[in-house]
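Asks: Right, I'll just put the structure down here and ask away after.
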Number of protein chains: 2
Amino acid sequence: MPHLFDEATRVSAGDSGWIGRTSDDYWAFVGPFGGATAATILRALMDHPERVGDPLSLTVNFCAPIAQGAFDLDVRLIKANRSTQHWSVEMTQDGAEVATFATAVFAEPRPSWSHQQVGFPPATPFEQTLPYAKVAAPWVRQYDFRFVEGEPNFGGKPQAAPTSAFSKLWIGDRIPRKIDALSLMSMSDAFFGRVFHARRELMPFGTVSLTTYFHADAQDLAAEDTSRVLAVADAKIFHKSYGDQAGELWSPGGRLLATTHQIAYFKTQA
Amino acid sequence: MPHLFDEATRVSAGDSGWIGRTSDDYWAFVGPFGGATAATILRALMDHPERVGDPLSLTVNFCAPIAQGAFDLDVRLIKANRSTQHWSVEMTQDGAEVATFATAVFAEPRPSWSHQQVGFPPATPFEQTLPYAKVAAPWVRQYDFRFVEGEPNFGGKPQAAPTSAFSKLWIGDRIPRKIDALSLMSMSDAFFGRVFHARRELMPFGTVSLTTYFHADAQDLAAEDTSRVLAVADAKIFHKSYGDQAGELWSPGGRLLATTHQIAYFKTQA
């Protein structure tokens, strides 16, 4: 039986492109969890017969709300070079305007000088870290979040002075699943909104544009052979209704698997 | 007379889209400076009659070499919402395949709670920092680079142990020009390759995908009223011929104007 995540991000060949369906298991408050959408788009590219190489970069622009139900993915190979491919993907529903727009780069990994400039963030081991228990949206239930630092505390009174927006946490699928590019893509949008942390309160929020860079190819990921990542995220600025987020996803073995960036909308006045 | 930068990034309305020309003044070794290309694309969007709001995010994928001469920009409004617009831009030459592909988000700035989570990086003032004198490519001559930290030293022997990839520098146009979204876009690609710093040597190198988030709108930039930025950049990983870069562009007044990220190709074995 396929893993819930693979079920949720399944695509199949339609008349003129890929087709898929939103998943109730990965539902957020007003639409599908963005990470599941991004992973579904990535899957349509990974499964494409013309795809060559491994994902290097994926940018997803969330243009409009996605309704529960079926969607179409219009996949286009913009340009293929000797060792890279540039793709675009448009997600639509019922022939309406574009709801999600993505661009991706695939590359054939070539040996080179290799170096991590940064070290594995110190963290208590997964087994010694408590699971996050407060679960509001269905998609959050699909993950095993274990906060090492910056556990959310959104219940209290909004802070007069902003608090840290930094989080460090283990993320695994609730039903363990080996980490691959698809789960990295999804997990790169699985951080809670940085503004929630900075303000210690929930508010209307939505990712506008998300970019993930992959620093490990399929072979590297197979070698890591893990079902969880150590994830860190922080923000630099919140201004005029938009804020940033930068994150890293690490293997327990100490390899930086992916870096991720996003700009997100939020709504709060005071 | 227009500033050299405005001349270099000029676009005009063609039969079915924008047309432009590469600039010899902003030429790199084997093609136009990527920052000038990105700024030209942004200008085509800024000047578009349907454009509403300020740039929030621009992702540019460099798909193929751009030859000296004319190019076409096919601009498409993918989706417009109440306060945001999603655009795509395809750059082609002579009807050939796409050379550069970009997606952008524009947003109408709305007042909100505002906070910088990070502080202005400590730096010697611009006036007390020495200009960078070693200039190889024409585009480098168009900028006044003043290194506070991480001044390039690419002449020596490659280091056995990798050195820091961090740089902190002032960047202004050589002929001073007020900082706007266009110059921020260009400057966000004006860092030297991080791998050059880490290895202390030059090698074949090219930006593959570049994303810049704008944290200051036109009104904010007018208030800063400056012709230079303090810029910092660093890298986290170099692996299998690709490396990352994350950067920040600050006003001298201490405002974080833009954050920028890229993944770049490099070629070195040992």
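Going by the structure tokens order, chains are called A, B, ..., each with residues numbered from 1, while ligands are numbered from 1 in the order shown.
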Which chain B residues are at most 8 Å from chain A (counting only C-alpha atoms), as a tab-separated table (two decimals) with all heavy atoms, in the first residue's frame?

Replies:
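File result.tsv, as written:
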chain	number	residue	atom	x	y	z
B	57	SER	N	8.91	39.90	-5.37
B	57	SER	CA	9.74	38.73	-5.59
B	57	SER	C	10.03	38.60	-7.08
B	57	SER	O	9.13	38.77	-7.91
B	57	SER	CB	8.98	37.51	-5.08
B	57	SER	OG	9.57	36.33	-5.54
B	59	THR	N	12.20	35.82	-9.60
B	59	THR	CA	13.06	34.66	-9.81
B	59	THR	C	13.47	34.64	-11.27
B	59	THR	O	12.62	34.73	-12.15
B	59	THR	CB	12.31	33.36	-9.46
B	59	THR	OG1	12.01	33.34	-8.07
B	59	THR	CG2	13.15	32.13	-9.79
B	61	ASN	N	15.65	32.44	-14.07
B	61	ASN	CA	16.37	31.22	-14.43
B	61	ASN	C	17.16	31.48	-15.71
B	61	ASN	O	16.58	31.82	-16.75
B	61	ASN	CB	15.39	30.06	-14.65
B	61	ASN	CG	14.84	29.52	-13.35
B	61	ASN	OD1	15.09	30.09	-12.28
B	61	ASN	ND2	14.09	28.44	-13.42
B	63	CYS	N	18.77	30.12	-18.62
B	63	CYS	CA	18.60	28.82	-19.30
B	63	CYS	C	19.66	28.55	-20.35
B	63	CYS	O	19.99	27.40	-20.61
B	63	CYS	CB	17.24	28.77	-20.00
B	63	CYS	SG	15.84	29.18	-18.95
B	64	ALA	N	20.15	29.60	-21.00
B	64	ALA	CA	21.09	29.41	-22.11
B	64	ALA	C	21.87	30.70	-22.28
B	64	ALA	O	21.43	31.77	-21.84
B	64	ALA	CB	20.31	29.08	-23.38
B	78	ILE	N	0.16	36.25	-15.47
B	78	ILE	CA	-0.39	34.92	-15.25
B	78	ILE	C	-1.68	34.98	-14.45
B	78	ILE	O	-2.65	34.30	-14.74
B	78	ILE	CB	0.64	34.06	-14.48
B	78	ILE	CG1	1.88	33.83	-15.35
B	78	ILE	CG2	0.03	32.73	-14.07
B	78	ILE	CD1	3.01	33.16	-14.60
B	79	LYS	N	-1.66	35.83	-13.42
B	79	LYS	CA	-2.82	35.90	-12.52
B	79	LYS	C	-2.79	37.21	-11.75
B	79	LYS	O	-1.74	37.58	-11.21
B	79	LYS	CB	-2.77	34.71	-11.54
B	79	LYS	CG	-3.82	34.72	-10.45
B	79	LYS	CD	-5.21	34.40	-10.96
B	79	LYS	CE	-6.25	34.52	-9.84
B	79	LYS	NZ	-7.61	34.57	-10.38
B	80	ALA	N	-3.90	37.89	-11.71
B	80	ALA	CA	-4.01	39.11	-10.92
B	80	ALA	C	-5.04	38.90	-9.83
B	80	ALA	O	-6.13	38.39	-10.09
B	80	ALA	CB	-4.41	40.28	-11.81
B	81	ASN	N	-4.67	39.24	-8.61
B	81	ASN	CA	-5.61	39.19	-7.49
B	81	ASN	C	-5.90	40.61	-7.03
B	81	ASN	O	-5.47	41.58	-7.64
B	81	ASN	CB	-5.00	38.39	-6.34
B	81	ASN	CG	-4.79	36.95	-6.74
B	81	ASN	OD1	-5.67	36.32	-7.30
B	81	ASN	ND2	-3.60	36.43	-6.46
B	85	GLN	N	0.00	40.52	-8.18
B	85	GLN	CA	0.05	40.10	-9.58
B	85	GLN	C	1.17	39.09	-9.75
B	85	GLN	O	2.26	39.29	-9.22
B	85	GLN	CB	0.33	41.29	-10.50
B	85	GLN	CG	-0.78	42.30	-10.60
B	85	GLN	CD	-0.43	43.40	-11.61
B	85	GLN	OE1	0.74	43.76	-11.74
B	85	GLN	NE2	-1.43	43.91	-12.31
B	86	HIS	N	0.91	38.06	-10.52
B	86	HIS	CA	1.94	37.07	-10.86
B	86	HIS	C	2.25	37.17	-12.36
B	86	HIS	O	1.33	37.08	-13.18
B	86	HIS	CB	1.45	35.66	-10.51
B	86	HIS	CG	1.34	35.42	-9.04
B	86	HIS	ND1	2.34	34.84	-8.30
B	86	HIS	CD2	0.35	35.72	-8.15
B	86	HIS	CE1	1.98	34.79	-7.03
B	86	HIS	NE2	0.77	35.31	-6.91
B	97	GLU	N	15.16	29.28	-28.93
B	97	GLU	CA	14.63	28.79	-27.66
B	97	GLU	C	14.83	29.81	-26.55
B	97	GLU	O	15.65	30.72	-26.65
B	97	GLU	CB	15.33	27.48	-27.28
B	97	GLU	CG	14.86	26.29	-28.09
B	97	GLU	CD	15.57	25.02	-27.62
B	97	GLU	OE1	16.80	24.93	-27.82
B	97	GLU	OE2	14.90	24.16	-27.05
B	98	VAL	N	14.10	29.64	-25.45
B	98	VAL	CA	14.15	30.59	-24.34
B	98	VAL	C	15.56	30.63	-23.74
B	98	VAL	O	16.13	29.59	-23.40
B	98	VAL	CB	13.13	30.19	-23.25
B	98	VAL	CG1	13.24	31.10	-22.04
B	98	VAL	CG2	11.72	30.21	-23.82
B	99	ALA	N	16.10	31.83	-23.60
B	99	ALA	CA	17.44	32.00	-23.01
B	99	ALA	C	17.33	32.31	-21.52
B	99	ALA	O	18.19	31.91	-20.73
B	99	ALA	CB	18.18	33.11	-23.73
B	105	VAL	N	6.42	38.42	-8.67
B	105	VAL	CA	5.21	38.78	-7.93
B	105	VAL	C	5.28	40.27	-7.63
B	105	VAL	O	6.30	40.76	-7.14
B	105	VAL	CB	5.09	38.00	-6.60
B	105	VAL	CG1	3.77	38.34	-5.91
B	105	VAL	CG2	5.21	36.50	-6.83
B	109	PRO	N	1.60	47.49	-1.54
B	109	PRO	CA	2.01	47.52	-0.13
B	109	PRO	C	0.83	47.92	0.76
B	109	PRO	O	0.11	48.86	0.44
B	109	PRO	CB	3.10	48.58	-0.09
B	109	PRO	CG	3.30	49.08	-1.47
B	109	PRO	CD	2.24	48.54	-2.34
B	110	ARG	N	0.65	47.17	1.84
B	110	ARG	CA	-0.41	47.50	2.78
B	110	ARG	C	0.20	47.65	4.16
B	110	ARG	O	1.01	46.81	4.56
B	110	ARG	CB	-1.45	46.40	2.81
B	110	ARG	CG	-2.13	46.25	1.48
B	110	ARG	CD	-3.34	45.35	1.60
B	110	ARG	NE	-4.12	45.41	0.38
B	110	ARG	CZ	-5.21	44.71	0.16
B	110	ARG	NH1	-5.66	43.89	1.09
B	110	ARG	NH2	-5.87	44.82	-0.97
B	111	PRO	N	-0.19	48.67	4.88
B	111	PRO	CA	0.38	48.87	6.21
B	111	PRO	C	0.16	47.64	7.09
B	111	PRO	O	-0.85	46.96	6.97
B	111	PRO	CB	-0.38	50.07	6.77
B	111	PRO	CG	-1.41	50.46	5.77
B	111	PRO	CD	-1.25	49.63	4.54
B	112	SER	N	1.12	47.36	7.93
B	112	SER	CA	1.01	46.23	8.85
B	112	SER	C	1.98	46.44	9.99
B	112	SER	O	2.78	47.37	9.96
B	112	SER	CB	1.37	44.91	8.15
B	112	SER	OG	2.78	44.79	8.00
B	113	TRP	N	1.92	45.57	10.96
B	113	TRP	CA	2.98	45.47	11.94
B	113	TRP	C	4.29	45.29	11.18
B	113	TRP	O	4.36	44.60	10.17
B	113	TRP	CB	2.73	44.26	12.83
B	113	TRP	CG	3.83	44.00	13.79
B	113	TRP	CD1	4.18	44.76	14.88
B	113	TRP	CD2	4.74	42.90	13.77
B	113	TRP	NE1	5.25	44.20	15.52
B	113	TRP	CE2	5.61	43.06	14.86
B	113	TRP	CE3	4.91	41.80	12.93
B	113	TRP	CZ2	6.64	42.15	15.14
B	113	TRP	CZ3	5.93	40.91	13.19
B	113	TRP	CH2	6.77	41.08	14.30
B	114	SER	N	5.33	45.93	11.62
B	114	SER	CA	6.59	45.95	10.89
B	114	SER	C	7.73	45.73	11.87
B	114	SER	O	7.75	46.33	12.95
B	114	SER	CB	6.71	47.31	10.20
B	114	SER	OG	7.76	47.31	9.28
B	115	HIS	N	8.66	44.87	11.51
B	115	HIS	CA	9.79	44.63	12.41
B	115	HIS	C	10.95	43.98	11.66
B	115	HIS	O	10.75	43.05	10.90
B	115	HIS	CB	9.38	43.73	13.57
B	115	HIS	CG	10.48	43.55	14.58
B	115	HIS	ND1	10.94	44.56	15.37
B	115	HIS	CD2	11.24	42.47	14.89
B	115	HIS	CE1	11.92	44.12	16.15
B	115	HIS	NE2	12.13	42.86	15.87
B	116	GLN	N	12.16	44.48	11.92
B	116	GLN	CA	13.36	43.81	11.44
B	116	GLN	C	13.89	42.92	12.55
B	116	GLN	O	14.19	43.39	13.65
B	116	GLN	CB	14.45	44.84	11.07
B	116	GLN	CG	14.28	45.38	9.67
B	116	GLN	CD	15.40	46.32	9.23
B	116	GLN	OE1	15.25	47.01	8.24
B	116	GLN	NE2	16.51	46.36	9.96
B	117	GLN	N	14.00	41.63	12.26
B	117	GLN	CA	14.48	40.69	13.27
B	117	GLN	C	16.01	40.74	13.38
B	117	GLN	O	16.57	40.23	14.35
B	117	GLN	CB	14.06	39.26	12.90
B	117	GLN	CG	12.56	39.05	12.77
B	117	GLN	CD	11.85	38.94	14.11
B	117	GLN	OE1	10.90	39.68	14.40
B	117	GLN	NE2	12.31	38.03	14.95
B	118	VAL	N	16.64	41.30	12.39
B	118	VAL	CA	18.11	41.34	12.36
B	118	VAL	C	18.57	42.79	12.30
B	118	VAL	O	17.85	43.67	11.83
B	118	VAL	CB	18.67	40.56	11.14
B	118	VAL	CG1	18.57	39.07	11.37
B	118	VAL	CG2	17.95	40.95	9.86
B	162	PRO	N	39.42	24.97	2.46
B	162	PRO	CA	38.55	26.04	1.98
B	162	PRO	C	38.52	27.20	2.96
B	162	PRO	O	38.57	27.00	4.17
B	162	PRO	CB	37.18	25.37	1.87
B	162	PRO	CG	37.30	24.04	2.51
B	162	PRO	CD	38.72	23.71	2.69
B	164	SER	N	36.73	31.14	4.06
B	164	SER	CA	35.38	31.65	4.23
B	164	SER	C	34.81	32.11	2.89
B	164	SER	O	35.52	32.64	2.04
B	164	SER	CB	35.41	32.82	5.21
B	164	SER	OG	34.17	33.51	5.17
B	165	ALA	N	33.53	31.92	2.72
B	165	ALA	CA	32.85	32.40	1.51
B	165	ALA	C	32.09	33.69	1.80
B	165	ALA	O	31.33	34.17	0.95
B	165	ALA	CB	31.89	31.33	1.00
B	209	SER	N	19.90	29.93	-11.15
B	209	SER	CA	18.60	30.47	-10.74
B	209	SER	C	18.82	31.46	-9.61
B	209	SER	O	19.57	31.18	-8.67
B	209	SER	CB	17.67	29.34	-10.31
B	209	SER	OG	16.40	29.86	-9.96
B	211	THR	N	16.82	34.33	-7.02
B	211	THR	CA	15.57	34.88	-6.49
B	211	THR	C	15.87	36.04	-5.56
B	211	THR	O	16.73	35.92	-4.67
B	211	THR	CB	14.77	33.81	-5.72
B	211	THR	OG1	14.30	32.83	-6.64
B	211	THR	CG2	13.56	34.43	-5.01
B	213	TYR	N	13.96	38.89	-3.00
B	213	TYR	CA	12.76	39.39	-2.33
B	213	TYR	C	12.98	40.86	-1.98
B	213	TYR	O	14.02	41.21	-1.42
B	213	TYR	CB	12.47	38.60	-1.05
B	213	TYR	CG	12.25	37.13	-1.25
B	213	TYR	CD1	12.82	36.20	-0.40
B	213	TYR	CD2	11.46	36.65	-2.29
B	213	TYR	CE1	12.62	34.83	-0.56
B	213	TYR	CE2	11.25	35.28	-2.46
B	213	TYR	CZ	11.83	34.38	-1.60
B	213	TYR	OH	11.63	33.04	-1.77
B	215	HIS	N	12.04	44.03	0.24
B	215	HIS	CA	11.43	44.35	1.54
B	215	HIS	C	11.18	45.84	1.71
B	215	HIS	O	10.82	46.29	2.79
B	215	HIS	CB	12.33	43.82	2.66
B	215	HIS	CG	12.64	42.36	2.54
B	215	HIS	ND1	11.65	41.39	2.60
B	215	HIS	CD2	13.79	41.68	2.29
B	215	HIS	CE1	12.20	40.19	2.44
B	215	HIS	NE2	13.49	40.34	2.25
B	216	ALA	N	11.40	46.60	0.66
B	216	ALA	CA	11.16	48.04	0.66
B	216	ALA	C	10.44	48.39	-0.63
B	216	ALA	O	10.86	47.97	-1.71
B	216	ALA	CB	12.48	48.79	0.75
B	235	ALA	N	27.83	31.52	1.58
B	235	ALA	CA	27.42	30.25	0.97
B	235	ALA	C	27.41	29.19	2.05
B	235	ALA	O	28.14	29.28	3.05
B	235	ALA	CB	28.37	29.85	-0.14
B	236	LYS	N	26.59	28.18	1.87
B	236	LYS	CA	26.52	27.08	2.83
B	236	LYS	C	27.15	25.81	2.30
B	236	LYS	O	27.69	25.02	3.06
B	236	LYS	CB	25.06	26.80	3.20
B	236	LYS	CG	24.41	28.01	3.89
B	236	LYS	CD	23.18	27.62	4.68
B	236	LYS	CE	22.78	28.73	5.64
B	236	LYS	NZ	21.65	29.50	5.15
B	237	ILE	N	27.06	25.62	0.99
B	237	ILE	CA	27.51	24.31	0.47
B	237	ILE	C	27.91	24.39	-1.01
B	237	ILE	O	27.29	25.12	-1.79
B	237	ILE	CB	26.41	23.24	0.70
B	237	ILE	CG1	26.93	21.83	0.37
B	237	ILE	CG2	25.16	23.56	-0.09
B	237	ILE	CD1	26.00	20.71	0.85
B	238	PHE	N	28.94	23.63	-1.34
B	238	PHE	CA	29.34	23.40	-2.73
B	238	PHE	C	29.37	21.88	-2.92
B	238	PHE	O	30.05	21.18	-2.16
B	238	PHE	CB	30.74	23.98	-2.98
B	238	PHE	CG	30.84	25.44	-2.64
B	238	PHE	CD1	31.47	25.86	-1.47
B	238	PHE	CD2	30.29	26.41	-3.47
B	238	PHE	CE1	31.55	27.21	-1.14
B	238	PHE	CE2	30.36	27.76	-3.15
B	238	PHE	CZ	31.00	28.15	-1.98
B	239	HIS	N	28.64	21.41	-3.90
B	239	HIS	CA	28.53	19.95	-4.04
B	239	HIS	C	28.12	19.59	-5.46
B	239	HIS	O	27.16	20.15	-6.00
B	239	HIS	CB	27.49	19.42	-3.03
B	239	HIS	CG	27.36	17.92	-3.02
B	239	HIS	ND1	28.42	17.09	-2.76
B	239	HIS	CD2	26.29	17.11	-3.25
B	239	HIS	CE1	28.01	15.83	-2.82
B	239	HIS	NE2	26.73	15.82	-3.12
B	240	LYS	N	28.85	18.64	-6.04
B	240	LYS	CA	28.53	18.12	-7.37
B	240	LYS	C	28.25	19.24	-8.37
B	240	LYS	O	27.23	19.25	-9.06
B	240	LYS	CB	27.38	17.10	-7.30
B	240	LYS	CG	27.80	15.83	-6.54
B	240	LYS	CD	26.82	14.67	-6.72
B	240	LYS	CE	27.33	13.43	-5.95
B	240	LYS	NZ	26.33	12.35	-5.90
B	241	SER	N	29.16	20.19	-8.40
B	241	SER	CA	29.18	21.27	-9.41
B	241	SER	C	28.18	22.40	-9.18
B	241	SER	O	28.05	23.28	-10.05
B	241	SER	CB	28.98	20.72	-10.83
B	241	SER	OG	29.93	19.71	-11.11
B	242	TYR	N	27.48	22.41	-8.02
B	242	TYR	CA	26.57	23.51	-7.74
B	242	TYR	C	26.77	24.03	-6.32
B	242	TYR	O	27.06	23.25	-5.41
B	242	TYR	CB	25.11	23.08	-7.95
B	242	TYR	CG	24.83	22.78	-9.41
B	242	TYR	CD1	24.97	21.48	-9.91
B	242	TYR	CD2	24.48	23.80	-10.28
B	242	TYR	CE1	24.76	21.21	-11.26
B	242	TYR	CE2	24.27	23.52	-11.64
B	242	TYR	CZ	24.41	22.24	-12.12
B	242	TYR	OH	24.21	21.98	-13.44
B	243	GLY	N	26.62	25.33	-6.16
B	243	GLY	CA	26.74	25.94	-4.85
B	243	GLY	C	25.70	27.02	-4.65
B	243	GLY	O	25.16	27.56	-5.62
B	244	ASP	N	25.39	27.31	-3.39
B	244	ASP	CA	24.35	28.28	-3.09
B	244	ASP	C	24.97	29.64	-2.74
B	244	ASP	O	26.17	29.75	-2.53
B	244	ASP	CB	23.49	27.79	-1.92
B	244	ASP	CG	24.25	27.86	-0.61
B	244	ASP	OD1	25.42	27.42	-0.57
B	244	ASP	OD2	23.71	28.37	0.39
B	256	LEU	N	16.76	46.92	5.89
B	256	LEU	CA	16.99	45.76	5.02
B	256	LEU	C	16.11	45.92	3.78
B	256	LEU	O	14.89	45.83	3.86
B	256	LEU	CB	16.67	44.46	5.74
B	256	LEU	CG	16.91	43.17	4.96
B	256	LEU	CD1	18.33	43.06	4.45
B	256	LEU	CD2	16.55	41.95	5.80
B	261	HIS	N	18.89	35.10	-3.12
B	261	HIS	CA	19.38	33.72	-3.04
B	261	HIS	C	19.67	33.24	-4.44
B	261	HIS	O	18.97	33.61	-5.38
B	261	HIS	CB	18.32	32.82	-2.40
B	261	HIS	CG	17.80	33.38	-1.13
B	261	HIS	ND1	18.48	33.27	0.06
B	261	HIS	CD2	16.71	34.12	-0.86
B	261	HIS	CE1	17.81	33.90	1.00
B	261	HIS	NE2	16.73	34.41	0.48
B	263	ILE	N	21.44	29.72	-6.85
B	263	ILE	CA	22.18	28.47	-7.01
B	263	ILE	C	23.00	28.64	-8.29
B	263	ILE	O	22.49	29.13	-9.29
B	263	ILE	CB	21.23	27.24	-7.03
B	263	ILE	CG1	22.03	25.94	-6.96
B	263	ILE	CG2	20.31	27.23	-8.23
B	263	ILE	CD1	21.99	25.29	-5.62
B	267	LYS	N	32.88	24.77	-11.95
B	267	LYS	CA	33.62	23.62	-12.47
B	267	LYS	C	35.00	23.59	-11.85
B	267	LYS	O	35.86	24.40	-12.20
B	267	LYS	CB	33.72	23.72	-13.99
B	267	LYS	CG	34.26	22.46	-14.63
B	267	LYS	CD	34.21	22.55	-16.14
B	267	LYS	CE	34.79	21.28	-16.77
B	267	LYS	NZ	34.73	21.37	-18.24
B	268	THR	N	35.21	22.71	-10.91
B	268	THR	CA	36.54	22.45	-10.38
B	268	THR	C	36.56	21.07	-9.75
B	268	THR	O	35.62	20.67	-9.07
B	268	THR	CB	37.01	23.53	-9.38
B	268	THR	OG1	38.40	23.37	-9.15
B	268	THR	CG2	36.29	23.44	-8.06
B	269	GLN	N	37.61	20.35	-10.03
B	269	GLN	CA	37.66	18.95	-9.62
B	269	GLN	C	38.25	18.78	-8.23
B	269	GLN	O	37.64	18.14	-7.37
B	269	GLN	CB	38.51	18.15	-10.62
B	269	GLN	CG	37.85	18.02	-11.98
B	269	GLN	CD	36.49	17.34	-11.92
B	269	GLN	OE1	36.26	16.48	-11.08
B	269	GLN	NE2	35.56	17.73	-12.76
B	270	ALA	N	39.41	19.33	-8.04
B	270	ALA	CA	40.20	18.92	-6.87
B	270	ALA	C	39.78	19.67	-5.61
B	270	ALA	O	39.30	20.77	-5.68
B	270	ALA	CB	41.66	19.16	-7.15

Asks: What lies within 10 Å of A:Leu230 using only C-alpha atoms, ignoring chain neighbours under 4 positions off, as a list in words?

Replies: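 Close residues of A:Leu230: Phe120, Pro121, Pro122, Ala123, Pro125, Phe126, Phe145, Arg146, Phe147, Val148, Lys168, Leu169, Trp170, Ile171, Gly172, Glu248, Leu249, Trp250, Ser251, Pro252, Gly253, Gly254, Arg255, Leu256 and Leu257 of chain A.
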
Asks: Those residues you just picked out, can you put them in a file as a compact mmCIF listing (two decimals), in the first residue's frame with N, CA and C atoms?

Replies:
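The file below, part-v3.txt, is the result:
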# COMPACT_ATOMS: atom_id res chain seq x y z
N PHE A 120 26.61 21.04 10.99
CA PHE A 120 25.32 20.53 11.48
C PHE A 120 24.91 21.28 12.76
N PRO A 121 23.71 21.81 12.80
CA PRO A 121 23.28 22.55 13.99
C PRO A 121 23.17 21.61 15.20
N PRO A 122 23.75 21.99 16.31
CA PRO A 122 23.66 21.14 17.50
C PRO A 122 22.21 20.93 17.90
N ALA A 123 21.85 19.70 18.23
CA ALA A 123 20.45 19.39 18.55
C ALA A 123 20.37 18.13 19.41
N PRO A 125 19.03 14.54 20.16
CA PRO A 125 18.62 13.53 19.18
C PRO A 125 17.09 13.44 19.08
N PHE A 126 16.63 13.03 17.94
CA PHE A 126 15.21 12.86 17.67
C PHE A 126 14.52 12.08 18.79
N PHE A 145 6.59 16.42 14.28
CA PHE A 145 7.41 17.60 14.57
C PHE A 145 7.97 17.48 15.98
N ARG A 146 9.28 17.65 16.13
CA ARG A 146 9.87 17.62 17.46
C ARG A 146 10.78 18.83 17.62
N PHE A 147 10.32 19.79 18.40
CA PHE A 147 11.02 21.06 18.52
C PHE A 147 12.19 20.98 19.48
N VAL A 148 13.36 21.34 18.99
CA VAL A 148 14.56 21.46 19.79
C VAL A 148 14.67 22.88 20.35
N LYS A 168 14.20 25.37 15.51
CA LYS A 168 15.01 24.20 15.16
C LYS A 168 14.20 22.98 15.56
N LEU A 169 13.96 22.09 14.62
CA LEU A 169 13.09 20.96 14.91
C LEU A 169 13.40 19.78 14.02
N TRP A 170 13.11 18.61 14.55
CA TRP A 170 13.12 17.41 13.72
C TRP A 170 11.79 17.31 13.00
N ILE A 171 11.84 16.92 11.73
CA ILE A 171 10.61 16.66 10.98
C ILE A 171 10.73 15.29 10.32
N GLY A 172 9.73 14.46 10.57
CA GLY A 172 9.62 13.19 9.85
C GLY A 172 8.17 13.01 9.45
N GLU A 248 16.80 25.50 6.43
CA GLU A 248 17.74 24.45 6.04
C GLU A 248 17.19 23.10 6.47
N LEU A 249 17.40 22.09 5.65
CA LEU A 249 17.00 20.72 5.99
C LEU A 249 18.26 19.85 5.99
N TRP A 250 18.54 19.26 7.15
CA TRP A 250 19.76 18.48 7.34
C TRP A 250 19.44 17.00 7.58
N SER A 251 20.28 16.13 7.07
CA SER A 251 20.16 14.72 7.44
C SER A 251 20.74 14.53 8.83
N PRO A 252 20.25 13.52 9.57
CA PRO A 252 20.83 13.25 10.89
C PRO A 252 22.33 12.96 10.80
N GLY A 253 22.78 12.49 9.66
CA GLY A 253 24.19 12.21 9.44
C GLY A 253 25.04 13.45 9.23
N GLY A 254 24.40 14.63 9.16
CA GLY A 254 25.16 15.87 9.08
C GLY A 254 25.33 16.43 7.69
N ARG A 255 24.51 15.99 6.75
CA ARG A 255 24.59 16.53 5.39
C ARG A 255 23.48 17.56 5.18
N LEU A 256 23.85 18.70 4.60
CA LEU A 256 22.84 19.71 4.26
C LEU A 256 22.15 19.26 2.99
N LEU A 257 20.88 18.89 3.11
CA LEU A 257 20.15 18.31 1.98
C LEU A 257 19.49 19.37 1.10

Asks: Grab the atom CA of A:Arg200 to atom CA of A:Ala38 distance for me, in Å with one decimal place.

Replies: 26.9 Å

Asks: Please identify all polymer residues within 6 Å of stretch 178-194 of chain A, counting only C-alpha atoms, omitting same-chain residues fewer than 3 positions from it, and present them as a PDB file with C-alpha atoms, in the first residue's frame.

Replies:
ATOM      1  CA  GLY A  35       4.203  21.713   0.638  1.00  0.00           C
ATOM      2  CA  ALA A  36       1.960  18.967  -0.720  1.00  0.00           C
ATOM      3  CA  ALA A  39       5.674  18.105  -3.978  1.00  0.00           C
ATOM      4  CA  ALA A 165      11.431  33.868  14.813  1.00  0.00           C
ATOM      5  CA  HIS A 197       6.677  32.875  16.195  1.00  0.00           C
ATOM      6  CA  THR A 226      16.890   8.378   6.742  1.00  0.00           C
ATOM      7  CA  SER A 227      13.257   9.137   7.443  1.00  0.00           C
TER       8      SER A 227
END

Asks: Please return, as number ranges by chain, all residues of stretch 121-191 of chain B that DSSP assigns to strand (DSSP E) on the basis of the backbone.

Replies: B: 143-149, 167-173

Asks: Write out as JSON, numbers by chain each polymer residue whose atoms come within 8 Å of B:Trp139, counting only C-alpha atoms; drop sequence neighbours fewer than 3 positions from it.

Replies: {"B": [25, 26, 27, 28, 33, 142, 143]}

Asks: Can you tell me, as a PyMOL selection string, which residues in stretch 190-236 of chain A count as alpha helix (DSSP H) by DSSP?

Replies: chain A and resi 194-199+218-224

Asks: In Å, rounded to a single decimal, give me how far atom CA of A:Phe196 is from atom CA of A:Phe5.

Replies: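 Atom CA of A:Phe196 lies at a distance of 25.8 Å from atom CA of A:Phe5.
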
Asks: Suppose you want the space between atom CA of B:Phe29 and atom CA of B:Phe205; what is it in Å?

Replies: 10.3 Å

Asks: If we count only C-alpha atoms and set the cut-off at 9 Å, which residues sit around B:Ala8, ignoring sequence neighbours fewer than 5 positions away in its own chain? Please answer as a list in words.

Replies: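 The filter keeps His3, Gly20, Arg21, Thr22, Ser23, Asp24, Asp25, Tyr26, Ala36 and Thr40 of chain B.
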
Asks: Would you write out those residues with C-alpha atoms, as a PDB file, in the first residue's frame?

Replies:
ATOM      1  CA  HIS B   3      22.451  56.984 -16.473  1.00  0.00           C
ATOM      2  CA  GLY B  20      15.894  45.312 -25.769  1.00  0.00           C
ATOM      3  CA  ARG B  21      19.593  44.982 -26.498  1.00  0.00           C
ATOM      4  CA  THR B  22      22.513  43.660 -24.488  1.00  0.00           C
ATOM      5  CA  SER B  23      24.879  46.327 -23.193  1.00  0.00           C
ATOM      6  CA  ASP B  24      28.629  46.229 -23.805  1.00  0.00           C
ATOM      7  CA  ASP B  25      29.072  48.323 -20.656  1.00  0.00           C
ATOM      8  CA  TYR B  26      27.570  45.528 -18.541  1.00  0.00           C
ATOM      9  CA  ALA B  36      21.640  43.623 -15.848  1.00  0.00           C
ATOM     10  CA  THR B  40      15.994  44.581 -17.686  1.00  0.00           C
TER      11      THR B  40
END
